[in-house]
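> This is the content of run-v3.txt (compact mmCIF, C-alpha atoms and all ligand atoms):
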# COMPACT_ATOMS: atom_id res chain seq x y z
CA MET O 104 26.56 -15.10 4.71
CA ALA O 105 28.84 -12.49 6.37
CA GLU O 106 28.21 -11.56 10.02
CA TYR O 107 27.72 -7.90 10.86
CA GLY O 108 27.30 -5.98 14.12
CA MET O 109 24.85 -3.22 13.13
CA ILE O 110 22.89 -4.69 10.24
CA LYS O 111 21.24 -8.02 9.49
CA VAL O 112 21.52 -9.59 6.08
CA GLU O 113 19.42 -12.41 4.63
CA THR O 114 17.87 -13.52 1.35
CA ARG O 115 14.21 -14.24 0.66
CA GLY O 116 14.04 -16.06 -2.64
CA LYS O 117 15.85 -13.83 -5.14
CA VAL O 118 15.58 -10.78 -2.88
CA GLY O 119 18.47 -9.57 -0.72
CA LEU O 120 17.26 -8.03 2.53
CA VAL O 121 19.34 -5.63 4.60
CA THR O 122 17.90 -4.62 7.98
CA LEU O 123 19.50 -1.74 9.86
CA ASP O 124 19.87 -3.05 13.39
CA ARG O 125 21.11 -0.50 15.88
CA PRO O 126 17.96 -0.16 18.00
CA ALA O 127 19.53 1.65 20.98
CA ALA O 128 20.31 4.64 18.72
CA LEU O 129 17.24 4.42 16.43
CA ASN O 130 19.56 3.17 13.67
CA ALA O 131 21.63 6.36 13.71
CA LEU O 132 24.00 6.02 10.78
CA CYS O 133 27.44 5.86 12.35
CA ASP O 134 30.63 5.05 10.50
CA GLN O 135 30.55 1.33 11.34
CA LEU O 136 26.93 0.96 10.24
CA MET O 137 27.58 2.74 6.93
CA THR O 138 30.69 0.61 6.30
CA GLU O 139 28.70 -2.56 6.91
CA LEU O 140 25.80 -1.35 4.78
CA GLY O 141 28.15 -0.64 1.88
CA GLN O 142 29.70 -4.10 2.15
CA ALA O 143 26.31 -5.81 2.28
CA LEU O 144 24.94 -3.90 -0.70
CA LYS O 145 28.02 -4.63 -2.78
CA GLY O 146 27.82 -8.27 -1.74
CA PHE O 147 24.24 -8.58 -2.98
CA ASP O 148 25.07 -6.69 -6.17
CA ALA O 149 27.77 -9.26 -6.93
CA ASP O 150 25.61 -12.28 -5.98
CA PRO O 151 24.05 -13.87 -9.10
CA ALA O 152 21.31 -15.46 -6.94
CA VAL O 153 19.98 -12.01 -5.98
CA GLY O 154 17.93 -9.86 -8.39
CA ALA O 155 16.78 -6.98 -6.20
CA ILE O 156 17.44 -5.58 -2.73
CA VAL O 157 15.23 -4.29 0.10
CA LEU O 158 16.69 -1.94 2.70
CA THR O 159 14.69 -1.55 5.90
CA GLY O 160 14.97 -0.64 9.57
CA SER O 161 12.77 -1.35 12.59
CA GLU O 162 9.10 -0.51 13.16
CA LYS O 163 10.24 2.49 15.23
CA ALA O 164 12.97 3.83 12.95
CA PHE O 165 14.29 3.37 9.47
CA ALA O 166 17.12 5.64 10.61
CA ALA O 167 17.12 8.79 12.79
CA GLY O 168 19.94 10.38 10.81
CA ALA O 169 23.70 10.55 10.86
CA ASP O 170 25.14 9.82 14.30
CA ILE O 171 25.08 13.20 16.05
CA LYS O 172 27.17 12.03 19.01
CA GLU O 173 29.86 10.67 16.69
CA MET O 174 30.16 13.89 14.67
CA LYS O 175 29.48 16.58 17.26
CA ASP O 176 33.13 17.33 18.10
CA ARG O 177 34.54 17.08 14.59
CA SER O 178 36.33 20.07 13.11
CA PHE O 179 35.85 21.73 9.75
CA PRO O 180 39.22 20.53 8.36
CA ALA O 181 38.50 16.97 9.52
CA VAL O 182 35.09 16.71 7.85
CA HIS O 183 36.24 18.64 4.79
CA PHE O 184 39.39 16.71 3.97
CA GLU O 185 37.80 13.35 4.73
CA ASP O 186 34.85 14.42 2.53
CA PHE O 187 32.58 13.33 5.38
CA ILE O 188 29.36 11.79 4.05
CA GLY O 189 31.09 11.25 0.73
CA ASN O 190 31.73 8.00 -1.05
CA LYS O 191 30.88 5.67 1.80
CA TRP O 192 27.32 7.00 2.05
CA GLU O 193 26.85 6.98 -1.68
CA THR O 194 27.62 3.29 -2.20
CA VAL O 195 23.89 2.73 -2.63
CA LEU O 196 24.03 4.93 -5.74
CA THR O 197 26.55 2.54 -7.33
CA ILE O 198 24.37 -0.58 -6.97
CA LYS O 199 23.13 -1.89 -10.31
CA LYS O 200 20.23 -3.94 -8.95
CA PRO O 201 17.05 -2.19 -7.76
CA VAL O 202 17.16 -1.07 -4.13
CA ILE O 203 13.80 -0.51 -2.41
CA ALA O 204 13.68 1.43 0.86
CA ALA O 205 10.96 0.03 3.14
CA VAL O 206 10.48 2.80 5.69
CA ALA O 207 8.63 2.52 9.01
CA GLY O 208 9.00 5.05 11.81
CA PHE O 209 11.58 7.81 11.65
CA ALA O 210 13.48 8.56 8.45
CA LEU O 211 15.19 11.77 9.49
CA GLY O 212 18.19 13.68 8.23
CA GLY O 213 20.64 11.15 6.80
CA GLY O 214 17.92 8.50 7.21
CA CYS O 215 15.63 10.38 4.82
CA GLU O 216 18.59 11.00 2.53
CA LEU O 217 19.55 7.32 2.52
CA ALA O 218 15.96 6.39 1.65
CA MET O 219 16.01 8.92 -1.19
CA MET O 220 19.25 7.42 -2.54
CA CYS O 221 17.38 4.15 -2.99
CA ASP O 222 15.42 3.64 -6.21
CA LEU O 223 12.03 3.95 -4.57
CA ILE O 224 10.43 4.21 -1.15
CA ILE O 225 7.50 2.22 0.27
CA ALA O 226 6.27 3.59 3.59
CA GLY O 227 4.54 2.05 6.58
CA GLU O 228 1.62 4.08 7.90
CA ASN O 229 3.70 5.29 10.86
CA ALA O 230 6.58 6.60 8.73
CA LYS O 231 7.85 10.11 9.45
CA PHE O 232 10.18 11.86 7.05
CA GLY O 233 12.16 14.99 7.74
CA GLN O 234 15.38 16.95 7.36
CA PRO O 235 15.81 18.34 10.89
CA GLU O 236 19.49 19.30 10.47
CA ILE O 237 18.60 23.00 10.76
CA LYS O 238 17.80 22.39 14.44
CA LEU O 239 21.41 21.29 14.95
CA GLY O 240 22.99 24.32 13.30
CA ILE O 241 23.82 22.47 10.09
CA ILE O 242 22.12 21.59 6.79
CA PRO O 243 21.53 18.21 5.09
CA GLY O 244 24.85 16.80 3.90
CA ALA O 245 23.94 13.61 2.06
CA GLY O 246 21.98 15.10 -0.81
CA GLY O 247 18.83 16.16 1.09
CA THR O 248 18.60 19.65 -0.37
CA GLN O 249 19.03 18.27 -3.89
CA ARG O 250 16.98 15.07 -3.85
CA LEU O 251 14.05 16.29 -1.74
CA ILE O 252 13.31 19.18 -4.10
CA ARG O 253 13.32 16.80 -7.08
CA ALA O 254 10.82 14.55 -5.28
CA VAL O 255 8.44 17.03 -3.64
CA GLY O 256 9.08 20.39 -5.35
CA LYS O 257 10.53 23.62 -4.03
CA SER O 258 7.89 24.85 -1.57
CA LYS O 259 7.59 21.62 0.39
CA ALA O 260 11.36 21.01 0.31
CA MET O 261 11.96 24.53 1.69
CA ASP O 262 9.20 24.00 4.26
CA LEU O 263 10.75 20.75 5.53
CA ILE O 264 14.40 21.83 5.37
CA LEU O 265 13.92 25.31 6.89
CA THR O 266 11.47 24.35 9.65
CA GLY O 267 12.87 20.89 10.40
CA ARG O 268 9.34 19.53 10.83
CA MET O 269 8.39 15.93 10.15
CA MET O 270 6.06 14.84 7.34
CA ASP O 271 3.84 11.80 7.94
CA ALA O 272 3.37 8.94 5.48
CA ALA O 273 0.11 10.27 4.03
CA GLU O 274 1.70 13.65 3.27
CA ALA O 275 4.79 11.93 1.85
CA GLU O 276 2.57 9.92 -0.51
CA ARG O 277 0.64 13.03 -1.61
CA ALA O 278 3.98 14.76 -2.21
CA ASN O 279 5.27 11.83 -4.31
CA LEU O 280 8.19 11.06 -2.00
CA VAL O 281 6.88 7.50 -1.59
CA THR O 282 5.23 5.21 -4.11
CA ARG O 283 2.73 3.74 -1.67
CA VAL O 284 1.76 3.53 1.99
CA VAL O 285 0.90 0.18 3.58
CA PRO O 286 0.12 -1.03 7.12
CA VAL O 287 3.33 -1.37 9.14
CA GLU O 288 2.71 -5.10 9.68
CA SER O 289 2.76 -5.78 5.94
CA LEU O 290 5.52 -3.32 4.96
CA LEU O 291 8.30 -5.87 4.64
CA GLU O 292 6.11 -8.42 2.89
CA GLU O 293 4.97 -5.80 0.35
CA ALA O 294 8.51 -4.58 -0.26
CA VAL O 295 9.87 -8.10 -0.70
CA LYS O 296 6.95 -8.95 -3.01
CA MET O 297 7.69 -5.90 -5.17
CA ALA O 298 11.42 -6.67 -5.21
CA GLY O 299 10.58 -10.27 -6.14
CA VAL O 300 8.67 -9.08 -9.21
CA MET O 301 11.70 -7.02 -10.30
CA ALA O 302 14.02 -9.97 -9.62
CA SER O 303 11.89 -12.22 -11.86
CA TYR O 304 12.83 -10.25 -15.00
CA SER O 305 16.05 -10.20 -17.00
CA LEU O 306 18.68 -8.49 -14.84
CA PRO O 307 20.36 -6.58 -17.70
CA SER O 308 17.03 -4.94 -18.59
CA VAL O 309 16.15 -4.23 -14.95
CA ALA O 310 19.57 -2.70 -14.29
CA MET O 311 19.42 -0.56 -17.42
CA ALA O 312 15.86 0.55 -16.71
CA LYS O 313 16.85 1.83 -13.28
CA GLU O 314 20.00 3.43 -14.67
CA ALA O 315 17.99 5.26 -17.31
CA VAL O 316 15.38 6.50 -14.82
CA ASN O 317 18.05 7.68 -12.37
CA ALA O 318 19.91 9.41 -15.22
CA ALA O 319 16.90 11.69 -15.67
CA TYR O 320 18.00 13.47 -12.49
CA GLU O 321 21.25 14.51 -14.08
CA MET O 322 20.57 15.06 -17.78
CA THR O 323 18.62 17.33 -20.04
CA LEU O 324 15.60 15.73 -21.76
CA ARG O 325 17.47 15.49 -25.07
CA GLU O 326 20.55 13.87 -23.47
CA GLY O 327 18.37 11.58 -21.37
CA VAL O 328 16.36 10.32 -24.33
CA ARG O 329 19.59 9.71 -26.26
CA PHE O 330 21.04 7.81 -23.31
CA GLU O 331 17.84 5.74 -23.00
CA ARG O 332 17.94 4.93 -26.72
CA ARG O 333 21.54 3.66 -26.47
CA LEU O 334 20.64 1.39 -23.55
CA PHE O 335 17.48 0.23 -25.36
CA HIS O 336 19.48 -0.68 -28.45
CA SER O 337 22.16 -2.46 -26.43
CA LEU O 338 19.56 -4.82 -24.92
CA PHE O 339 19.05 -6.27 -28.41
CA ALA O 340 22.50 -7.81 -27.92
CA THR O 341 21.20 -9.98 -25.05
CA GLU O 342 19.85 -13.51 -25.25
CA ASP O 343 17.11 -12.46 -22.86
CA GLN O 344 15.69 -9.98 -25.36
CA LYS O 345 15.38 -12.81 -27.92
CA GLU O 346 13.91 -15.07 -25.25
CA GLY O 347 11.43 -12.47 -23.95
CA MET O 348 10.09 -11.60 -27.38
CA SER O 349 10.06 -15.21 -28.63
CA ALA O 350 8.16 -16.28 -25.52
CA PHE O 351 5.54 -13.59 -26.18
CA ALA O 352 5.15 -14.70 -29.82
CA GLU O 353 4.96 -18.36 -28.79
CA LYS O 354 2.48 -17.61 -25.96
CA ARG O 355 4.70 -19.05 -23.20
CA LYS O 356 6.49 -17.72 -20.13
CA PRO O 357 10.01 -16.44 -20.78
CA ASP O 358 12.97 -18.22 -19.24
CA PHE O 359 15.38 -15.37 -18.53
CA ARG O 360 19.02 -16.34 -17.97
CA ASN O 361 20.44 -12.86 -17.26
CA ALA O 362 22.51 -13.25 -20.40
N1 LIG K 1 22.42 10.30 16.41
C1 LIG K 1 22.82 9.71 17.54
N2 LIG K 1 21.96 9.19 18.45
C2 LIG K 1 20.65 9.27 18.17
C3 LIG K 1 20.16 9.88 17.00
C4 LIG K 1 21.12 10.41 16.08
N3 LIG K 1 20.76 10.97 14.92
N4 LIG K 1 18.82 9.83 17.00
C5 LIG K 1 18.47 9.20 18.15
N5 LIG K 1 19.57 8.87 18.85
C6 LIG K 1 19.64 8.17 20.13
C7 LIG K 1 19.24 9.10 21.28
O1 LIG K 1 20.34 9.90 21.67
C8 LIG K 1 18.84 8.09 22.33
O2 LIG K 1 19.98 7.54 22.91
P1 LIG K 1 20.12 7.43 24.53
O3 LIG K 1 19.00 6.49 24.92
O4 LIG K 1 21.47 6.86 24.74
O5 LIG K 1 19.92 8.78 25.07
C9 LIG K 1 18.17 6.99 21.52
O6 LIG K 1 18.65 7.15 20.18
C10 LIG K 1 16.65 7.10 21.48
O7 LIG K 1 16.33 8.41 21.04
P2 LIG K 1 15.32 9.38 21.82
O8 LIG K 1 15.35 9.09 23.30
O9 LIG K 1 15.61 10.78 21.41
O10 LIG K 1 13.94 8.86 21.21
P3 LIG K 1 12.57 9.67 21.04
O11 LIG K 1 11.57 8.65 20.61
O12 LIG K 1 12.31 10.51 22.23
O13 LIG K 1 12.85 10.70 19.82
C11 LIG K 1 13.64 11.29 17.63
C12 LIG K 1 13.07 10.20 18.54
C13 LIG K 1 12.60 12.41 17.41
C14 LIG K 1 14.00 10.64 16.30
C15 LIG K 1 14.91 11.91 18.29
O14 LIG K 1 15.78 10.85 18.70
C16 LIG K 1 15.70 12.82 17.40
O15 LIG K 1 15.31 13.97 17.21
N6 LIG K 1 16.82 12.34 16.83
C17 LIG K 1 17.71 13.14 16.03
C18 LIG K 1 17.14 13.36 14.62
C19 LIG K 1 18.08 14.26 13.83
O16 LIG K 1 18.35 15.38 14.17
N7 LIG K 1 18.61 13.72 12.70
C20 LIG K 1 19.51 14.42 11.84
C21 LIG K 1 20.92 14.09 12.20
S1 LIG K 1 22.11 15.08 11.32
C22 LIG K 1 22.24 14.37 9.79
O17 LIG K 1 21.62 13.38 9.49
C23 LIG K 1 23.19 15.04 8.84
C24 LIG K 1 23.10 14.58 7.44
O18 LIG K 1 22.48 15.19 6.61
C25 LIG K 1 23.77 13.38 6.99
Can I see the file as structure tokens?
Ligand code: CAA

Amino acid sequence: MAEYGMIKVETRGKVGLVTLDRPAALNALCDQLMTELGQALKGFDADPAVGAIVLTGSEKAFAAGADIKEMKDRSFPAVHFEDFIGNKWETVLTIKKPVIAAVAGFALGGGCELAMMCDLIIAGENAKFGQPEIKLGIIPGAGGTQRLIRAVGKSKAMDLILTGRMMDAAEAERANLVTRVVPVESLLEEAVKMAGVMASYSLPSVAMAKEAVNAAYEMTLREGVRFERRLFHSLFATEDQKEGMSAFAEKRKPDFRNA
């Protein structure tokens, strides 16, 4: 497995685990860290032994945002022409396997945005979410204004983005930003267990299910249903569909081959 400087990468069964590991800066998302994260995610996506991915940080911080010290002196032309926070940050959106964000501690600014780019978020009880960019004289730049409103609605998104306040795990669960809140000590275990369930199914169906759900963000209902129907039909071309349905009829466990 590749060696990295700012992340740790391991597998647990069929689950790929990426741990952000830049404790001195509360996992601030600098260029090197984001490059490494992109490489690790792509590596797991290409690895046939991995069926789902968990992205986590430390107990103190998932990530405290983009690296403020790294970007503070950058000019408008530099960030504009480089498309700063462009493709490199959005690698997670290109991953076909499910990516679960397991968030303990701070998920602020780009950290909250990175978590929202994942397919779902599980939070530890000490998690704190926020978009504090307004306090720095900027606004969210990795999709925060667009994804937060889709998760929590307009009033709470405006509240968080315009005040810069943090939202605790209980509020994040009430607001539907996270699927569930668990004790910090069991966060990773719960996330890996959930990812393991996803990894136990036929990968083509898992990948298409997540693609269809994510497409709902970008399509009208009519287009989305049509898109879902096409993916649904295409799964009848897989051996795993025959296997899954035969196993049900024969009252046995399916043996999915990702084919
Ligand atoms: N960038 C760079 N360094 C950061 C950082 C960040 N986003 N967040 C924390 N750090 C560093 C601190 O500078 C500090 O380093 P030193 O020890 O060298 O001084 C170290 O991490 C520990 O941080 P604190 O001493 O501040 O820890 P704390 O427990 O007192 O406070 C905190 C924690 C409330 C998260 C505070 O660190 C903080 O407010 N961080 C910044 C959060 C923020 O504004 N994030 C948004 C960034 S902009 C962005 O993300 C743009 C975008 O949309 C992509």
> At a cut-off of 8 Å and counting all atoms listed in the file, what residues surround ligand LIG 1 (chain K)? Please answer as a PyMOL selection string.
chain O and resi 126-133+164+166-173+188+209+211-214+216+234-236+238-239+241-247
> If you count all atoms listed in the file, which residues fall within 9 Å of Arg250 in chain O, apart from same-chain ones fewer than 2 positions away, as a PDB file with C-alpha atoms, in the coordinates of the input?

ATOM      1  CA  GLU O 216      18.590  11.000   2.530  1.00  0.00           C
ATOM      2  CA  MET O 219      16.010   8.920  -1.190  1.00  0.00           C
ATOM      3  CA  MET O 220      19.250   7.420  -2.540  1.00  0.00           C
ATOM      4  CA  GLY O 246      21.980  15.100  -0.810  1.00  0.00           C
ATOM      5  CA  GLY O 247      18.830  16.160   1.090  1.00  0.00           C
ATOM      6  CA  THR O 248      18.600  19.650  -0.370  1.00  0.00           C
ATOM      7  CA  ILE O 252      13.310  19.180  -4.100  1.00  0.00           C
ATOM      8  CA  ARG O 253      13.320  16.800  -7.080  1.00  0.00           C
ATOM      9  CA  ALA O 254      10.820  14.550  -5.280  1.00  0.00           C
ATOM     10  CA  VAL O 255       8.440  17.030  -3.640  1.00  0.00           C
ATOM     11  CA  TYR O 320      18.000  13.470 -12.490  1.00  0.00           C
TER      12      TYR O 320
END
> In Å, how far is it from CA of Asn317 in chain O to CA of Leu334 in chain O?
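Spanning CA of Asn317 in chain O to CA of Leu334 in chain O is a straight-line distance of 13.1 Å.
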> Using only C-alpha atoms, what table do you get, as a tab-separated table, when you list each residue of range 209-315 of chain O with an atom no more than 9 Å from range 140-162 of chain O, its nearest pair of atoms, and their distance in Å rounded to one decimal, rows by chain then rising number?

residue	atom	partner	partner_atom	distance
O:Phe209	CA	O:Glu162	CA	8.8
O:Ala218	CA	O:Leu158	CA	8.4
O:Cys221	CA	O:Leu158	CA	8.4
O:Gly227	CA	O:Glu162	CA	8.4
O:Asn229	CA	O:Glu162	CA	8.3
O:Ala230	CA	O:Glu162	CA	8.7
O:Val287	CA	O:Glu162	CA	7.1
O:Glu288	CA	O:Glu162	CA	8.6
O:Leu291	CA	O:Thr159	CA	7.8
O:Ala294	CA	O:Val157	CA	6.7
O:Val295	CA	O:Val157	CA	6.6
O:Ala298	CA	O:Ala155	CA	5.5
O:Gly299	CA	O:Ala155	CA	7.0
O:Val300	CA	O:Ala155	CA	8.9
O:Met301	CA	O:Ala155	CA	6.5
O:Ala302	CA	O:Gly154	CA	4.1
O:Ser303	CA	O:Gly154	CA	7.4
O:Tyr304	CA	O:Gly154	CA	8.4
O:Ser305	CA	O:Gly154	CA	8.8
O:Leu306	CA	O:Gly154	CA	6.6
O:Val309	CA	O:Gly154	CA	8.8
> For Leu265 in chain O, which of O:Gln249, O:Ile237, O:Ala352, O:Arg283 is the closest residue, counting only C-alpha atoms?
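Distance minimum relative to Leu265 in chain O lands on O:Ile237.
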> Could you tell me how far CA of Pro307 in chain O lies from CA of Lys117 in chain O, in Å and to one decimal?
15.2 Å
> Which neighbours of Lys231 in chain O fall inside 6 Å, counting only C-alpha atoms, when residues of the same chain fewer than 2 positions from it are skipped, and could you give them as a PyMOL selection string?
chain O and resi 208-210+269-271
> So that I can check the surroundings of Leu338 in chain O, please list as a tab-separated table (two decimals) with C-alpha atoms, in the frame of the given file every protein, DNA and RNA residue that reaches within 12 Å of it, counting all atoms listed in the file and ignoring chain neighbours fewer than 3 positions away.

chain	number	residue	atom	x	y	z
O	305	SER	CA	16.05	-10.20	-17.00
O	306	LEU	CA	18.68	-8.49	-14.84
O	307	PRO	CA	20.36	-6.58	-17.70
O	308	SER	CA	17.03	-4.94	-18.59
O	309	VAL	CA	16.15	-4.23	-14.95
O	310	ALA	CA	19.57	-2.70	-14.29
O	311	MET	CA	19.42	-0.56	-17.42
O	312	ALA	CA	15.86	0.55	-16.71
O	331	GLU	CA	17.84	5.74	-23.00
O	332	ARG	CA	17.94	4.93	-26.72
O	333	ARG	CA	21.54	3.66	-26.47
O	334	LEU	CA	20.64	1.39	-23.55
O	335	PHE	CA	17.48	0.23	-25.36
O	341	THR	CA	21.20	-9.98	-25.05
O	342	GLU	CA	19.85	-13.51	-25.25
O	343	ASP	CA	17.11	-12.46	-22.86
O	344	GLN	CA	15.69	-9.98	-25.36
O	345	LYS	CA	15.38	-12.81	-27.92
O	346	GLU	CA	13.91	-15.07	-25.25
O	347	GLY	CA	11.43	-12.47	-23.95
O	348	MET	CA	10.09	-11.60	-27.38
O	361	ASN	CA	20.44	-12.86	-17.26
O	362	ALA	CA	22.51	-13.25	-20.40
> One decimal, Å: what's the distance from CA of Met261 in chain O over to CA of Phe165 in chain O, could you say?
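One can read the CA of Met261 in chain O to CA of Phe165 in chain O distance as 22.7 Å.
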> Within 8 Å of Val285 in chain O, counting all atoms listed in the file, which residues show up once you throw out same-chain ones fewer than 4 positions away? Write them as a list in words, please.
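The residues satisfying every condition are Ile225, Ala226, Gly227, Glu228, Ser289, Leu290 and Glu293 of chain O.
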> Quick one: of O:Ala278, O:Asp124, O:His336, O:Pro286, who's nearest to Ser258 in chain O, counting only C-alpha atoms?
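Of all the options, O:Ala278 lies closest to Ser258 in chain O.
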> Please determine, counting all atoms listed in the file, which residue among O:Leu280, O:Met137, O:Ala205, O:Leu223 has the shortest atom-to-atom distance to Phe187 in chain O.
O:Met137
> For each of O:His183, O:Lys313, O:Arg325, O:Lys111, take the minimum atom-to-atom distance to Ile203 in chain O, counting only C-alpha atoms, then give the residue where this is smallest.
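Of all the options, O:Lys313 lies closest to Ile203 in chain O.
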